[in-house]
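Here is protein-v7.txt, consisting of compact mmCIF, C-alpha atoms:
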# COMPACT_ATOMS: atom_id res chain seq x y z
CA MET A 353 160.21 77.30 133.13
CA SER A 354 160.43 78.34 129.50
CA LEU A 355 162.42 81.44 128.57
CA ALA A 356 163.05 82.80 125.07
CA ASN A 357 166.52 84.03 124.10
CA PRO A 358 168.07 86.37 124.85
CA VAL A 359 166.92 86.80 128.45
CA LYS A 360 168.26 89.76 130.42
CA THR A 361 168.24 89.15 134.17
CA VAL A 362 170.50 89.94 137.11
CA CYS A 363 171.05 86.19 137.47
CA THR A 364 173.64 84.46 135.32
CA SER A 365 171.11 81.72 134.63
CA PRO A 366 167.57 80.76 135.72
CA ILE A 367 167.31 78.93 139.06
CA THR A 368 165.07 75.89 138.72
CA GLN A 369 163.81 73.43 141.34
CA ALA A 370 164.10 76.13 144.00
CA LEU A 371 162.12 75.93 147.23
CA PRO A 372 158.74 77.70 147.17
CA ALA A 373 158.85 81.35 148.16
CA ALA A 374 156.83 82.35 151.20
CA ASP A 375 153.64 84.31 150.54
CA PRO A 376 154.66 87.96 151.04
CA PHE A 377 151.02 88.99 151.59
CA ALA A 378 149.92 86.15 153.87
CA ASP A 379 148.91 88.66 156.56
CA LEU A 380 146.69 90.70 154.22
CA PRO A 381 143.08 90.76 155.48
CA THR A 382 140.10 90.16 153.20
CA PRO A 383 138.20 93.37 152.41
CA PRO A 384 134.61 93.13 153.63
CA ALA A 385 131.68 93.49 151.24
CA THR A 386 129.53 96.54 151.92
CA ASN A 387 125.91 97.53 151.23
CA PRO A 388 124.32 98.81 149.12
CA CYS A 389 125.71 97.54 145.82
CA GLN A 390 127.37 100.25 143.73
CA ASN A 391 126.30 101.32 140.25
CA GLY A 392 128.98 100.48 137.68
CA ASN A 393 127.38 102.43 134.80
CA GLN A 394 129.07 105.74 135.52
CA SER A 395 132.12 107.58 134.20
CA THR A 396 133.45 108.14 137.74
CA LEU A 397 133.20 105.16 140.09
CA GLN A 398 133.25 105.14 143.87
CA PRO A 399 134.72 102.50 146.22
CA GLY A 400 132.36 99.82 147.50
CA THR A 401 130.88 96.50 146.42
CA TYR A 402 129.94 95.79 142.81
CA CYS A 403 127.56 92.85 143.03
CA LYS A 404 127.33 91.86 139.35
CA GLY A 405 130.97 92.29 138.40
CA LEU A 406 132.34 95.42 136.77
CA SER A 407 132.56 95.73 132.99
CA LEU A 408 134.16 99.00 131.94
CA SER A 409 134.05 100.69 128.55
CA GLY A 410 134.72 104.22 127.34
CA ASN A 411 136.44 106.67 129.69
CA VAL A 412 136.19 105.60 133.33
CA THR A 413 137.89 106.98 136.44
CA LEU A 414 138.10 104.99 139.67
CA SER A 415 138.15 107.14 142.81
CA PRO A 416 140.64 106.11 145.55
CA GLY A 417 139.56 103.26 147.83
CA VAL A 418 138.72 99.56 147.99
CA TYR A 419 136.54 97.98 145.28
CA VAL A 420 135.00 94.57 146.01
CA ILE A 421 133.98 92.73 142.84
CA GLN A 422 131.56 89.81 143.25
CA GLY A 423 129.05 87.96 141.11
CA GLY A 424 131.07 88.58 137.93
CA ASP A 425 134.47 89.62 136.59
CA PHE A 426 136.40 92.87 136.39
CA LYS A 427 136.52 93.54 132.64
CA ALA A 428 138.28 96.23 130.64
CA SER A 429 136.52 96.24 127.28
CA SER A 430 137.99 96.97 123.87
CA ASN A 431 139.34 100.55 123.56
CA ALA A 432 138.36 101.41 127.14
CA ASN A 433 140.35 104.14 128.86
CA ILE A 434 140.48 103.39 132.60
CA SER A 435 142.40 105.34 135.23
CA GLY A 436 142.64 105.66 139.00
CA ASP A 437 145.13 106.24 141.82
CA GLY A 438 145.06 104.76 145.31
CA VAL A 439 142.89 101.86 144.14
CA VAL A 440 142.55 98.32 145.55
CA ILE A 441 140.43 95.84 143.55
CA TYR A 442 139.42 92.69 145.43
CA LEU A 443 137.99 89.81 143.38
CA ALA A 444 135.64 87.92 145.70
CA GLY A 445 134.63 84.31 145.18
CA THR A 446 135.16 83.16 141.60
CA SER A 447 135.48 86.67 140.16
CA GLY A 448 138.51 87.27 137.95
CA VAL A 449 140.16 89.86 135.71
CA THR A 450 139.96 90.17 131.92
CA MET A 451 141.67 93.09 130.19
CA ASN A 452 141.37 93.51 126.44
CA GLY A 453 144.60 94.13 124.54
CA THR A 454 143.31 97.41 123.08
CA ALA A 455 142.27 98.85 126.46
CA THR A 456 144.40 101.57 128.06
CA VAL A 457 144.48 100.99 131.81
CA LYS A 458 146.39 103.27 134.20
CA LEU A 459 145.81 102.18 137.79
CA SER A 460 147.97 102.51 140.88
CA ALA A 461 147.74 101.06 144.38
CA PRO A 462 147.64 103.04 147.62
CA THR A 463 151.06 104.06 148.98
CA SER A 464 150.09 103.69 152.66
CA GLY A 465 147.63 101.88 154.91
CA THR A 466 146.55 98.24 155.17
CA TYR A 467 146.62 97.60 151.42
CA SER A 468 149.66 99.70 150.63
CA GLY A 469 151.17 98.63 147.31
CA VAL A 470 148.40 96.10 146.48
CA LEU A 471 146.43 96.83 143.31
CA PHE A 472 144.57 93.56 142.59
CA TYR A 473 143.79 90.91 145.21
CA GLY A 474 142.25 87.55 144.33
CA ASP A 475 140.18 85.50 146.77
CA ARG A 476 142.37 82.84 148.40
CA ALA A 477 139.45 80.39 148.29
CA ASN A 478 139.30 80.55 144.49
CA LEU A 479 141.52 77.60 143.59
CA ALA A 480 140.83 77.43 139.85
CA GLY A 481 140.68 81.04 138.71
CA SER A 482 142.53 82.54 135.77
CA ASN A 483 143.25 86.24 135.21
CA THR A 484 144.38 87.99 132.03
CA PHE A 485 146.14 91.34 132.10
CA ASN A 486 146.58 92.74 128.60
CA GLY A 487 146.90 96.34 127.54
CA THR A 488 148.52 98.90 125.31
CA ALA A 489 152.07 100.18 125.65
CA ASP A 490 150.59 103.25 127.40
CA SER A 491 148.97 101.15 130.13
CA LEU A 492 150.40 101.26 133.66
CA LEU A 493 149.58 98.86 136.50
CA THR A 494 151.54 100.16 139.49
CA GLY A 495 151.30 97.79 142.44
CA ALA A 496 151.03 94.11 143.25
CA LEU A 497 148.80 91.69 141.37
CA TYR A 498 148.15 89.22 144.19
CA PHE A 499 146.46 85.95 143.21
CA PRO A 500 147.98 83.37 145.57
CA THR A 501 145.85 80.42 144.41
CA GLN A 502 145.18 81.42 140.81
CA ALA A 503 146.84 81.75 137.42
CA VAL A 504 147.92 85.08 135.94
CA ASP A 505 148.53 85.72 132.24
CA TYR A 506 150.47 88.97 131.93
CA LEU A 507 150.51 89.91 128.26
CA GLY A 508 151.43 92.93 126.20
CA ASN A 509 154.06 95.64 126.34
CA PHE A 510 153.19 97.38 129.56
CA SER A 511 154.28 97.52 133.19
CA GLY A 512 153.97 99.85 136.18
CA LYS A 513 155.39 103.28 136.89
CA GLY A 514 159.17 102.89 136.79
CA GLY A 515 158.69 99.17 136.14
CA CYS A 516 156.90 98.70 139.47
CA THR A 517 154.47 95.85 138.92
CA GLN A 518 154.70 92.79 141.18
CA VAL A 519 153.01 89.52 140.29
CA VAL A 520 152.35 86.98 143.05
CA ALA A 521 150.34 84.03 141.78
CA SER A 522 150.04 80.26 141.74
CA THR A 523 151.31 80.25 138.15
CA VAL A 524 152.43 83.11 135.91
CA GLN A 525 152.59 83.32 132.13
CA TRP A 526 154.48 86.40 130.99
CA SER A 527 154.88 87.64 127.43
CA GLY A 528 155.65 90.92 125.71
CA ASN A 529 158.27 93.59 126.37
CA THR A 530 158.06 94.59 130.01
CA SER A 531 160.44 96.38 132.36
CA ILE A 532 160.59 95.28 135.99
CA ASN A 533 162.10 97.22 138.88
CA GLN A 534 163.30 95.34 141.94
CA ASP A 535 162.97 98.18 144.49
CA CYS A 536 159.51 99.77 144.55
CA THR A 537 159.30 100.68 148.24
CA SER A 538 159.03 104.37 147.34
CA LEU A 539 155.59 103.58 145.90
CA GLY A 540 154.42 101.78 149.04
CA MET A 541 155.14 98.30 147.74
CA ARG A 542 156.65 95.53 149.85
CA GLU A 543 159.98 93.95 149.15
CA ILE A 544 159.48 90.35 148.03
CA PRO A 545 162.46 88.32 149.22
CA ALA A 546 163.90 85.71 146.91
CA THR A 547 163.54 82.13 148.02
CA GLN A 548 166.56 80.41 149.45
CA SER A 549 168.08 77.44 147.66
CA VAL A 550 170.09 74.52 148.94
CA ARG A 551 173.00 73.02 147.04
CA LEU A 552 175.21 70.06 147.92
CA VAL A 553 178.92 70.52 147.27
CA GLU A 554 181.83 68.16 147.69
Please, can you express the file's structure as structure tokens?
Amino acid sequence: MSLANPVKTVCTSPITQALPAADPFADLPTPPATNPCQNGNQSTLQPGTYCKGLSLSGNVTLSPGVYVIQGGDFKASSNANISGDGVVIYLAGTSGVTMNGTATVKLSAPTSGTYSGVLFYGDRANLAGSNTFNGTADSLLTGALYFPTQAVDYLGNFSGKGGCTQVVASTVQWSGNTSINQDCTSLGMREIPATQSVRLVE
């Protein structure tokens, strides 16, 4: 753990060598791929399977639903303006996420149903993936970024609505000025319990 000063947390000091936290989304099913493959070259996208990844530029709106990305990455190109509510983006296989720092991305997860509160979901079988979330100060990612076996680099000065972005990953690198809210249940997100620690006292 490496933290720059000053660090503002509810804890008096960082807790190191703690026991691993349980996976809060261990019961989340894998979204199935569907046919036919969707066309990603449109200004308004529909849920479904995108078989050659999804590279977005210009103004793009994602309609509510589950998006399965396979055969390539989910990319937000330079100066792209991407928006969508009630969206779940599943990265199948070795697919990952790359967001350019000049892209404005405003996405939110569903607030009910199977994938309530989950915005991005990485394939559990992808053991070596890396995902970069970078955006402008106007960007909003409201929901959980769930990559249980992969790395997440969360960069830039953005967060979710009311600070409601959760990051669950194998490793996390966080930089920039970001606000985090602990209670986001009003937006359909799960509570993530803190891991318990054991201490010997005399």
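When all atoms listed in the file are used to measure the gap to Gln398 (chain A), the shortest distance among A:Pro381, A:Pro545, A:Pro462, A:Pro416 belongs to A:Pro416.
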Long-range neighbours of Ser409 (chain A) as a tab-separated table (two decimals) with C-alpha atoms, in the coordinates of the input, 10 Å cut-off, only C-alpha atoms, 6 positions minimum in chain:
chain	number	residue	atom	x	y	z
A	393	ASN	CA	127.38	102.43	134.80
A	394	GLN	CA	129.07	105.74	135.52
A	395	SER	CA	132.12	107.58	134.20
A	427	LYS	CA	136.52	93.54	132.64
A	428	ALA	CA	138.28	96.23	130.64
A	429	SER	CA	136.52	96.24	127.28
A	430	SER	CA	137.99	96.97	123.87
A	431	ASN	CA	139.34	100.55	123.56
A	432	ALA	CA	138.36	101.41	127.14
A	433	ASN	CA	140.35	104.14	128.86
A	434	ILE	CA	140.48	103.39	132.60
A	455	ALA	CA	142.27	98.85	126.46
Which polymer residues have any atom within 6 Å of an atom of Thr413 (chain A), counting all atoms listed in the file, with same-chain residues fewer than 6 positions away left out, as a PyMOL selection string?
-> chain A and resi 396+434-436
Mind giving me the straight-line distance from CA of Gly495 (chain A) to CA of Thr517 (chain A) in Å, one decimal?
-> 5.1 Å
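For the pair CA of Leu371 (chain A) and CA of Arg476 (chain A), the separation is 21.0 Å.
Rounded to one decimal, CA of Gly528 (chain A) and CA of Leu507 (chain A) lie 5.8 Å from each other.
Nearest residue to Ser522 (chain A) among A:Asn483, A:Ser538, A:Ser491, A:Thr466 is A:Asn483, counting only C-alpha atoms.
Near region 478-481 of chain A, within a cut-off of 7 Å and counting all atoms listed in the file, sit the residues Gly445, Thr446, Gly448, Thr501, Gln502 and Ala503 of chain A, with same-chain residues fewer than 4 positions away left out.
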Of the listed residues A:Val504, A:Leu397, A:Leu471, A:Ala521, that which approaches Lys458 (chain A) most closely, counting all atoms listed in the file = A:Leu471
Protein/DNA/RNA residues near (138.3, 109.0, 146.7), cut 9 Å, only C-alpha atoms, as a ChimeraX atom specification | /A:398-399,414-417,437-439
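Of the listed residues (A:Leu493, A:Val418, A:Gly453, A:Pro376), A:Leu493 comes nearest to Gly515 (chain A); the distances count all atoms listed in the file.
Closest approach to Met541 (chain A) among A:Ala373, A:Ala444, A:Asp490, A:Thr463: A:Thr463, based on only C-alpha atoms.
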Residue nearest Asp375 (chain A) - candidates A:Ala477, A:Val519, A:Val524, A:Cys536, atoms counted: only C-alpha atoms | A:Val519
Could N, CA, C and O atoms be built for region 372-394 of chain A and written out as a tab-separated table (two decimals), keeping the file's coordinate frame?
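Wrote it out as selection.tsv, contents follow:
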chain	number	residue	atom	x	y	z
A	372	PRO	N	159.80	76.70	147.34
A	372	PRO	CA	158.74	77.70	147.17
A	372	PRO	C	159.02	78.94	148.00
A	372	PRO	O	159.52	78.86	149.13
A	373	ALA	N	158.72	80.09	147.42
A	373	ALA	CA	158.85	81.35	148.16
A	373	ALA	C	157.66	81.50	149.10
A	373	ALA	O	156.55	81.08	148.80
A	374	ALA	N	157.91	82.09	150.25
A	374	ALA	CA	156.83	82.35	151.20
A	374	ALA	C	155.90	83.42	150.63
A	374	ALA	O	156.31	84.29	149.87
A	375	ASP	N	154.63	83.34	150.99
A	375	ASP	CA	153.64	84.31	150.54
A	375	ASP	C	153.92	85.66	151.20
A	375	ASP	O	153.77	85.80	152.41
A	376	PRO	N	154.31	86.67	150.43
A	376	PRO	CA	154.66	87.96	151.04
A	376	PRO	C	153.45	88.73	151.55
A	376	PRO	O	153.59	89.71	152.27
A	377	PHE	N	152.24	88.30	151.17
A	377	PHE	CA	151.02	88.99	151.59
A	377	PHE	C	150.13	88.08	152.43
A	377	PHE	O	148.91	88.29	152.49
A	378	ALA	N	150.71	87.11	153.09
A	378	ALA	CA	149.92	86.15	153.87
A	378	ALA	C	149.12	86.82	154.98
A	378	ALA	O	148.08	86.31	155.40
A	379	ASP	N	149.59	87.97	155.47
A	379	ASP	CA	148.91	88.66	156.56
A	379	ASP	C	147.85	89.65	156.07
A	379	ASP	O	147.21	90.33	156.88
A	380	LEU	N	147.62	89.71	154.77
A	380	LEU	CA	146.69	90.70	154.22
A	380	LEU	C	145.25	90.28	154.51
A	380	LEU	O	144.83	89.19	154.13
A	381	PRO	N	144.47	91.14	155.18
A	381	PRO	CA	143.08	90.76	155.48
A	381	PRO	C	142.19	90.83	154.23
A	381	PRO	O	142.52	91.50	153.25
A	382	THR	N	141.08	90.14	154.29
A	382	THR	CA	140.10	90.16	153.20
A	382	THR	C	139.21	91.39	153.34
A	382	THR	O	138.61	91.60	154.40
A	383	PRO	N	139.09	92.21	152.31
A	383	PRO	CA	138.20	93.37	152.41
A	383	PRO	C	136.76	92.93	152.56
A	383	PRO	O	136.31	92.01	151.86
A	384	PRO	N	136.01	93.53	153.45
A	384	PRO	CA	134.61	93.13	153.63
A	384	PRO	C	133.72	93.72	152.53
A	384	PRO	O	133.97	94.82	152.03
A	385	ALA	N	132.69	92.96	152.15
A	385	ALA	CA	131.68	93.49	151.24
A	385	ALA	C	130.82	94.50	152.00
A	385	ALA	O	130.62	94.39	153.20
A	386	THR	N	130.34	95.49	151.29
A	386	THR	CA	129.53	96.54	151.92
A	386	THR	C	128.20	96.68	151.18
A	386	THR	O	128.06	96.28	150.02
A	387	ASN	N	127.22	97.25	151.83
A	387	ASN	CA	125.91	97.53	151.23
A	387	ASN	C	125.71	99.04	151.18
A	387	ASN	O	126.21	99.78	152.02
A	388	PRO	N	124.94	99.55	150.22
A	388	PRO	CA	124.32	98.81	149.12
A	388	PRO	C	125.31	98.55	147.99
A	388	PRO	O	126.44	99.04	148.03
A	389	CYS	N	124.88	97.78	146.98
A	389	CYS	CA	125.71	97.54	145.82
A	389	CYS	C	125.88	98.84	145.02
A	389	CYS	O	124.95	99.64	144.91
A	390	GLN	N	127.07	99.04	144.49
A	390	GLN	CA	127.37	100.25	143.73
A	390	GLN	C	126.91	100.11	142.28
A	390	GLN	O	126.80	99.02	141.73
A	391	ASN	N	126.69	101.26	141.65
A	391	ASN	CA	126.30	101.32	140.25
A	391	ASN	C	127.55	101.45	139.39
A	391	ASN	O	128.29	102.44	139.51
A	392	GLY	N	127.79	100.46	138.50
A	392	GLY	CA	128.98	100.48	137.68
A	392	GLY	C	128.82	101.21	136.36
A	392	GLY	O	129.78	101.32	135.59
A	393	ASN	N	127.63	101.75	136.08
A	393	ASN	CA	127.38	102.43	134.80
A	393	ASN	C	127.58	103.93	134.93
A	393	ASN	O	126.68	104.73	134.64
A	394	GLN	N	128.76	104.33	135.37
A	394	GLN	CA	129.07	105.74	135.52
A	394	GLN	C	130.50	106.00	135.05
A	394	GLN	O	131.33	105.09	135.01
